[in-house]
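Below is work-v7.txt, which holds compact mmCIF, C-alpha atoms.
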# COMPACT_ATOMS: atom_id res chain seq x y z
CA MET A 65 78.49 -3.82 -85.73
CA ALA A 66 79.06 -5.08 -82.29
CA SER A 67 81.53 -3.38 -80.06
CA HIS A 68 84.47 -5.42 -78.73
CA ALA A 69 85.15 -3.09 -75.86
CA MET A 70 85.22 -4.76 -72.47
CA TYR A 71 84.47 -3.39 -69.05
CA PRO A 72 87.43 -2.94 -66.69
CA ILE A 73 86.28 -5.61 -64.22
CA ARG A 74 85.80 -8.16 -66.90
CA ALA A 75 89.27 -7.35 -68.36
CA ALA A 76 90.94 -7.71 -65.02
CA SER A 77 89.40 -11.10 -64.44
CA ARG A 78 90.57 -12.20 -67.78
CA ARG A 79 94.17 -11.18 -67.01
CA ILE A 80 94.04 -13.03 -63.73
CA SER A 81 92.92 -16.18 -65.41
CA LEU A 82 95.74 -15.94 -67.97
CA VAL A 83 98.51 -15.99 -65.35
CA PRO A 84 100.09 -19.48 -65.25
CA ARG A 85 99.95 -21.27 -61.99
CA SER A 86 103.29 -22.27 -60.59
CA THR A 87 103.53 -24.85 -57.87
CA SER A 88 107.01 -23.76 -57.01
CA LEU A 89 105.98 -20.39 -55.84
CA PRO A 90 105.17 -20.33 -52.15
CA ALA A 91 102.00 -18.81 -51.04
CA GLN A 92 102.58 -15.31 -49.98
CA CYS A 93 100.18 -13.28 -48.07
CA THR A 94 100.37 -9.62 -48.28
CA ALA A 95 99.69 -7.93 -45.00
CA ARG A 96 98.06 -4.58 -44.97
CA THR A 97 99.08 -2.06 -42.39
CA LEU A 98 96.50 0.45 -41.21
CA VAL A 99 97.97 3.80 -40.54
CA THR A 100 96.06 6.38 -38.59
CA ALA A 101 96.85 10.00 -38.21
CA SER A 102 95.99 10.18 -34.50
CA LYS A 103 98.26 9.04 -31.71
CA ALA A 104 97.39 5.95 -29.76
CA LYS A 105 95.71 6.56 -26.44
CA ALA A 106 97.45 5.17 -23.44
CA TYR A 107 95.18 2.97 -21.28
CA PRO A 108 96.01 2.37 -17.63
CA THR A 109 97.27 -1.06 -16.78
CA SER A 110 96.16 -3.17 -13.86
CA SER A 111 99.22 -2.19 -11.91
CA SER A 112 98.38 1.47 -12.01
CA THR A 113 96.58 2.97 -8.94
CA PRO A 114 93.10 4.44 -9.55
CA PRO A 115 92.73 8.11 -8.79
CA ALA A 116 91.31 9.09 -5.44
CA SER A 117 87.56 9.89 -5.43
CA THR A 118 86.51 13.28 -4.15
CA SER A 119 82.79 12.34 -3.47
CA LYS A 120 81.55 10.80 -0.20
CA THR A 121 80.93 7.08 -0.06
CA PRO A 122 77.12 6.29 -0.08
CA PRO A 123 75.80 4.40 2.96
CA PRO A 124 75.33 0.67 2.55
CA ILE A 125 71.85 -0.40 1.36
CA PRO A 126 70.19 -2.66 3.91
CA PRO A 127 68.99 -6.00 2.61
CA ARG A 128 65.34 -5.98 1.50
CA SER A 129 63.04 -8.26 3.41
CA TYR A 130 60.25 -9.93 1.46
CA ALA A 131 58.41 -11.24 4.52
CA ARG A 132 54.64 -10.30 4.48
CA ALA A 133 53.59 -7.92 7.25
CA ALA A 134 50.94 -9.08 9.70
CA PRO A 135 47.39 -7.85 8.72
CA VAL A 136 45.95 -5.06 10.84
CA ALA A 137 42.75 -6.06 12.59
CA ARG A 138 39.79 -4.11 11.13
CA LYS A 139 37.34 -2.60 13.56
CA PRO A 140 33.91 -4.12 12.93
CA VAL A 141 31.03 -1.85 12.01
CA PRO A 142 28.30 -1.91 14.66
CA ALA A 143 25.36 -4.00 13.52
CA VAL A 144 22.02 -2.21 13.27
CA SER A 145 19.87 -5.33 13.29
CA GLY A 146 21.49 -6.69 16.45
CA GLU A 147 23.41 -9.48 14.68
CA PRO A 148 27.24 -9.08 14.57
CA LEU A 149 28.92 -8.89 11.19
CA PRO A 150 31.01 -11.87 9.99
CA ASP A 151 34.32 -10.18 10.85
CA ALA A 152 33.23 -9.02 14.29
CA PRO A 153 34.66 -10.67 17.39
CA PRO A 154 32.42 -13.15 19.17
CA ALA A 155 30.00 -11.69 21.70
CA THR A 156 30.95 -11.92 25.32
CA ALA A 157 28.90 -11.87 28.49
CA LYS A 158 30.00 -8.32 29.37
CA GLY A 159 27.20 -6.53 27.49
CA PRO A 160 23.53 -7.32 26.99
CA VAL A 161 22.68 -9.58 24.09
CA VAL A 162 20.39 -7.85 21.59
CA GLN A 163 17.85 -10.20 20.08
CA ASP A 164 16.95 -9.95 16.44
CA ALA A 165 13.78 -7.94 15.86
CA ALA A 166 12.27 -10.56 13.57
CA ALA A 167 12.99 -13.32 16.07
CA ALA A 168 11.59 -11.22 18.89
CA LEU A 169 8.41 -10.60 16.94
CA SER A 170 8.09 -14.25 16.01
CA ASN A 171 8.52 -15.21 19.65
CA THR A 172 6.09 -12.67 21.09
CA THR A 173 3.43 -12.38 18.39
CA PRO A 174 1.87 -15.82 18.90
CA THR A 175 1.65 -15.24 22.63
CA THR A 176 0.12 -11.80 22.18
CA ALA A 177 -2.33 -13.08 19.60
CA THR A 178 -3.26 -15.95 21.88
CA ASN A 179 -3.87 -13.58 24.77
CA ASN A 180 -5.99 -11.32 22.58
CA ASN A 181 -8.03 -14.25 21.36
CA ASN A 182 -8.53 -15.44 24.91
CA ASN A 183 -9.65 -11.97 25.98
CA ASN A 184 -12.07 -11.74 23.06
CA ASN A 185 -13.45 -15.16 23.84
CA ASN A 186 -13.85 -14.23 27.50
CA ASN A 187 -15.67 -11.00 26.65
CA ALA A 188 -17.94 -12.61 24.05
CA PRO A 189 -21.42 -13.46 25.36
CA ASP A 190 -22.38 -17.10 25.65
CA ASN A 191 -25.39 -19.19 26.55
CA GLY A 192 -23.87 -20.44 29.80
CA ASP A 193 -22.14 -23.44 28.25
CA GLY A 194 -18.99 -21.52 27.24
CA LYS A 195 -19.86 -21.40 23.54
CA PRO A 196 -20.35 -18.07 21.69
CA ILE A 197 -23.88 -17.10 20.72
CA ASP A 198 -25.05 -17.77 17.18
CA TRP A 199 -26.92 -14.58 16.36
CA THR A 200 -28.37 -16.06 13.19
CA SER A 201 -30.94 -17.89 15.31
CA SER A 202 -30.51 -16.85 18.97
CA TYR A 203 -32.75 -14.53 21.00
CA HIS A 204 -30.35 -14.29 23.93
CA GLY A 205 -31.21 -11.52 26.42
CA LEU A 206 -34.54 -10.60 24.86
CA GLY A 207 -36.64 -8.66 27.39
CA THR A 208 -34.40 -9.48 30.39
CA SER A 209 -34.10 -5.90 31.73
CA ALA A 210 -34.89 -2.30 30.82
CA PHE A 211 -32.35 0.28 29.80
CA THR A 212 -31.42 3.04 32.21
CA PRO A 213 -33.62 6.17 32.40
CA GLU A 214 -30.89 8.25 30.81
CA THR A 215 -30.68 5.89 27.84
CA SER A 216 -34.45 5.75 27.49
CA THR A 217 -34.62 9.56 27.43
CA VAL A 218 -32.18 9.69 24.51
CA LEU A 219 -33.99 6.96 22.58
CA GLN A 220 -37.50 8.45 23.02
CA ALA A 221 -36.59 12.12 22.53
CA ARG A 222 -38.87 14.15 20.25
CA LEU A 223 -37.55 14.75 16.75
CA ASP A 224 -36.44 18.13 15.53
CA PRO A 225 -38.65 19.16 12.57
CA ASP A 226 -35.53 20.31 10.72
CA ASP A 227 -34.25 16.70 10.68
CA ILE A 228 -37.35 15.29 8.93
CA GLU A 229 -37.32 14.99 5.13
CA VAL A 230 -40.25 14.77 2.69
CA LYS A 231 -40.34 12.55 -0.39
CA PRO A 232 -42.04 13.73 -3.62
CA ASP A 233 -44.96 11.34 -2.94
CA GLY A 234 -45.62 12.93 0.49
CA ILE A 235 -43.94 10.31 2.75
CA ILE A 236 -41.89 11.76 5.60
CA TYR A 237 -38.77 10.00 6.87
CA LEU A 238 -35.62 10.39 8.96
CA PRO A 239 -32.28 9.80 7.18
CA GLU A 240 -30.64 6.55 8.31
CA ILE A 241 -27.46 8.30 9.45
CA LYS A 242 -29.48 10.08 12.15
CA TYR A 243 -30.69 6.71 13.50
CA ARG A 244 -27.04 5.73 13.92
CA ARG A 245 -26.26 8.98 15.71
CA ILE A 246 -29.07 8.37 18.19
CA LEU A 247 -27.83 4.82 18.88
CA ASN A 248 -24.25 6.06 19.35
CA THR A 249 -25.45 8.75 21.77
CA ALA A 250 -27.53 6.29 23.79
CA PHE A 251 -25.20 3.26 23.93
CA GLY A 252 -21.83 4.43 22.60
CA PRO A 253 -20.05 3.43 19.40
CA GLY A 254 -19.30 -0.31 19.36
CA ALA A 255 -21.93 -1.23 21.95
CA TRP A 256 -24.56 -2.11 19.34
CA GLY A 257 -24.63 -3.81 15.96
CA LEU A 258 -26.71 -5.49 13.25
CA ALA A 259 -26.38 -9.28 12.99
CA PRO A 260 -27.57 -10.91 9.73
CA ARG A 261 -30.26 -13.53 10.30
CA GLY A 262 -30.10 -15.07 6.84
CA GLU A 263 -28.65 -14.84 3.36
CA LEU A 264 -29.12 -11.90 1.02
CA MET A 265 -32.06 -12.66 -1.27
CA VAL A 266 -31.76 -11.10 -4.73
CA GLN A 267 -35.07 -11.04 -6.56
CA ASP A 268 -36.28 -9.26 -9.67
CA ARG A 269 -35.16 -5.66 -9.07
CA LEU A 270 -35.31 -6.15 -5.31
CA VAL A 271 -32.95 -7.36 -2.57
CA THR A 272 -34.03 -8.33 0.94
CA ARG A 273 -32.33 -9.59 4.09
CA GLU A 274 -33.25 -10.07 7.73
CA TYR A 275 -31.18 -8.46 10.51
CA ALA A 276 -31.18 -8.48 14.32
CA LEU A 277 -30.29 -5.46 16.42
CA VAL A 278 -27.95 -6.49 19.27
CA VAL A 279 -27.12 -4.06 22.11
CA HIS A 280 -24.60 -4.90 24.87
CA GLY A 281 -24.76 -8.57 23.89
CA ARG A 282 -28.57 -8.68 24.07
CA PHE A 283 -31.07 -9.34 21.35
CA VAL A 284 -33.27 -6.22 21.03
CA ALA A 285 -35.17 -6.28 17.73
CA GLN A 286 -35.44 -8.01 14.38
CA ALA A 287 -36.59 -6.74 10.97
CA ARG A 288 -36.30 -7.46 7.25
CA GLY A 289 -34.85 -4.74 5.08
CA GLU A 290 -35.46 -4.25 1.38
CA GLN A 291 -34.09 -2.09 -1.41
CA GLN A 292 -34.76 -1.80 -5.13
CA TYR A 293 -32.07 -1.80 -7.84
CA PHE A 294 -32.19 -1.12 -11.58
CA SER A 295 -29.06 -2.85 -12.94
CA GLU A 296 -26.77 -5.72 -12.02
CA ASP A 297 -24.03 -3.27 -11.07
CA GLY A 298 -26.24 -1.79 -8.35
CA VAL A 299 -26.76 -4.97 -6.30
CA SER A 300 -24.00 -4.17 -3.80
CA THR A 301 -25.33 -0.64 -3.26
CA ALA A 302 -28.84 -2.05 -2.88
CA ALA A 303 -27.55 -4.51 -0.27
CA GLU A 304 -26.21 -1.62 1.81
CA GLY A 305 -29.53 0.21 1.47
CA CYS A 306 -31.30 -2.97 2.58
CA LYS A 307 -29.24 -2.99 5.78
CA SER A 308 -30.08 0.65 6.52
CA ASN A 309 -33.77 -0.04 5.93
CA ALA A 310 -33.65 -2.92 8.41
CA LEU A 311 -31.96 -0.66 10.97
CA MET A 312 -34.71 1.96 10.73
CA ARG A 313 -37.37 -0.72 11.22
CA CYS A 314 -35.55 -2.21 14.22
CA CYS A 315 -35.33 1.20 15.87
CA LYS A 316 -39.12 1.35 16.08
CA ASP A 317 -38.97 -1.19 18.93
CA LEU A 318 -36.70 1.20 20.87
CA GLY A 319 -39.05 4.16 20.36
CA ILE A 320 -36.68 6.04 18.04
CA ALA A 321 -38.53 8.42 15.67
CA SER A 322 -41.85 6.86 16.59
CA GLU A 323 -43.64 10.07 15.48
CA LEU A 324 -43.06 9.14 11.84
CA TRP A 325 -45.66 6.36 12.21
CA ASP A 326 -48.17 8.51 14.07
CA PRO A 327 -50.93 9.69 11.65
CA ARG A 328 -51.76 12.81 13.67
CA PHE A 329 -48.14 13.89 13.76
CA ILE A 330 -47.83 13.28 10.01
CA ARG A 331 -50.85 15.46 9.15
CA LYS A 332 -49.68 18.26 11.47
CA PHE A 333 -46.17 18.21 10.09
CA MET A 334 -47.30 18.24 6.45
CA LYS A 335 -49.59 21.20 7.15
CA GLU A 336 -46.90 23.25 8.88
CA HIS A 337 -43.73 22.29 7.03
CA ALA A 338 -44.68 20.89 3.59
CA VAL A 339 -46.35 22.14 0.42
CA GLN A 340 -47.55 20.76 -2.93
CA GLN A 341 -46.26 22.29 -6.13
CA TRP A 342 -46.72 21.76 -9.88
CA VAL A 343 -43.50 20.83 -11.65
CA GLU A 344 -42.42 19.71 -15.11
CA HIS A 345 -40.07 16.83 -15.86
CA VAL A 346 -37.02 18.12 -17.69
CA THR A 347 -36.71 15.14 -20.06
CA THR A 348 -40.26 13.91 -20.64
CA LYS A 349 -41.94 17.37 -20.27
CA LYS A 350 -44.67 15.76 -18.17
CA LYS A 351 -46.31 17.89 -15.48
CA LYS A 352 -47.42 16.69 -12.07
CA GLN A 353 -47.71 17.72 -8.42
CA ILE A 354 -44.99 16.81 -5.89
CA TRP A 355 -44.54 17.37 -2.16
CA LEU A 356 -41.52 19.20 -0.72
CA ARG A 357 -40.60 21.16 2.37
CA LYS A 358 -41.55 24.82 2.41
CA ASP A 359 -37.93 25.80 2.96
CA ASP A 360 -36.73 23.50 0.13
CA GLU A 361 -36.41 24.07 -3.63
CA VAL A 362 -37.41 22.05 -6.66
CA ARG A 363 -34.49 19.87 -7.73
CA TYR A 364 -33.52 17.94 -10.83
CA PRO A 365 -35.11 16.24 -12.77
CA PHE A 366 -38.02 18.58 -12.09
CA LYS A 367 -38.45 22.30 -12.60
CA LYS A 368 -41.24 24.72 -11.75
CA SER A 369 -44.01 24.80 -14.37
Could you rewrite the structure in this file as structure tokens?
Amino acid sequence: MASHAMYPIRAASRRISLVPRSTSLPAQCTARTLVTASKAKAYPTSSSTPPASTSKTPPPIPPRSYARAAPVARKPVPAVSGEPLPDAPPATAKGPVVQDAAAALSNTTPTTATNNNNNNNNNAPDNGDGKPIDWTSSYHGLGTSAFTPETSTVLQARLDPDDIEVKPDGIIYLPEIKYRRILNTAFGPGAWGLAPRGELMVQDRLVTREYALVVHGRFVAQARGEQQYFSEDGVSTAAEGCKSNALMRCCKDLGIASELWDPRFIRKFMKEHAVQQWVEHVTTKKKKQIWLRKDDEVRYPFKKS
């Protein structure tokens, strides 16, 4: 059974709607008066005088200027290379002008190189027509004059037996470095040289080339050197040995180590300073006799048997 009870709000709205409207009744507005418990605060009027201030009056603020200050001139950093930096003041005639190092070199190098070339050309020997000598075919200065007695004494000096070496097959020789020392002592380093007289000829396990010995701009001797090689990688080393072999042969014409080609000297030296000895090859185990100096020892690949 449904309940007929109504909520208070709904009942009130119903009562309001049941009141008949009368056009004769004037519209009345009920004014509500708010009552507060506190007293109203009295506000000063415009006619009232403000109380005197006890604090000091602040000074007036000056007007702010927004004008940009003039930039301060920056002191330029001294230039190391001699060229002023972009912000540096222009150079004046008060101080010396430093030239750029690269420009100075570019200006002086060609002149210096030209002078050096001229000096070298002036010092180079010629045939009398102003052209340098072609040592590949020239015999300029051959037999024109003898060397000084002092130079001849150095070139023809007797060899020290301690400088002579002995090969296993009994051939005696002087190491090529000692030929160079004798030439440097007699003429001075740079006063002599070997001029190639042709191309390097590479044959089957052998290289050869012809050289000319030139001393003080004079042709002195000519010889062909040779050297064996055992692989393609050893051609350059063989070419150097070929040059040394040609030098030793050229020195014969100057009387250097001439004893090494004298049969009597060879027999005397071998009797006094060399000996034969039986040795065994370390790898193949073959035995044979070899020559060596009396004060030397058997070296690899041989050993005493």
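If you look at atom CA of Glu274 of chain A and atom CA of Ala287 of chain A, they are 5.7 Å away from each other.
Interatomic distance, atom CA of Tyr364 of chain A to atom CA of Lys349 of chain A: 12.7 Å.
Interatomic distance, atom CA of Glu304 of chain A against atom CA of Pro239 of chain A: 14.0 Å.
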Selection as a VMD selection string: residues within 9 Å of (-29.8, -2.8, 20.1), counting only C-alpha atoms: chain A and resid 247 251 255 to 258 276 to 285 314 to 315 318
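Using all atoms listed in the file for every distance, the candidate list A:Cys306, A:Met334, A:Ile320, A:Val343 yields A:Met334 as the residue closest to Glu229 of chain A.
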Residue contacts of segment 218-220 of chain A (8 Å, all atoms listed in the file) excluding same-chain residues fewer than 4 positions away, as a list of chain:residue names: A:Glu214, A:Ile246, A:Leu247, A:Thr249, A:Ala250, A:Leu318, A:Gly319, A:Ile320, A:Ala321, A:Ser322
For the residues in the current selection, export C-alpha atoms as an mmCIF file, in the coordinates of the input.
data_model
loop_
_atom_site.group_PDB
_atom_site.id
_atom_site.type_symbol
_atom_site.label_atom_id
_atom_site.label_comp_id
_atom_site.auth_asym_id
_atom_site.auth_seq_id
_atom_site.Cartn_x
_atom_site.Cartn_y
_atom_site.Cartn_z
ATOM 1 C CA GLU A 214 -30.890 8.250 30.810
ATOM 2 C CA ILE A 246 -29.070 8.370 18.190
ATOM 3 C CA LEU A 247 -27.830 4.820 18.880
ATOM 4 C CA THR A 249 -25.450 8.750 21.770
ATOM 5 C CA ALA A 250 -27.530 6.290 23.790
ATOM 6 C CA LEU A 318 -36.700 1.200 20.870
ATOM 7 C CA GLY A 319 -39.050 4.160 20.360
ATOM 8 C CA ILE A 320 -36.680 6.040 18.040
ATOM 9 C CA ALA A 321 -38.530 8.420 15.670
ATOM 10 C CA SER A 322 -41.850 6.860 16.590
#
Contacts of Asn309 of chain A at 9 Å (all atoms listed in the file; same-chain gap of 6+ positions) as a PyMOL selection string: chain A and resi 240+287-291
Exercise on segment 268-279 of chain A, axis-aligned box with 8 Å per side, report centre and edge lengths in Å to one decimal, as JSON:
{"center_x": -31.7, "center_y": -7.1, "center_z": 6.2, "size_x": 25.2, "size_y": 22.0, "size_z": 47.8}
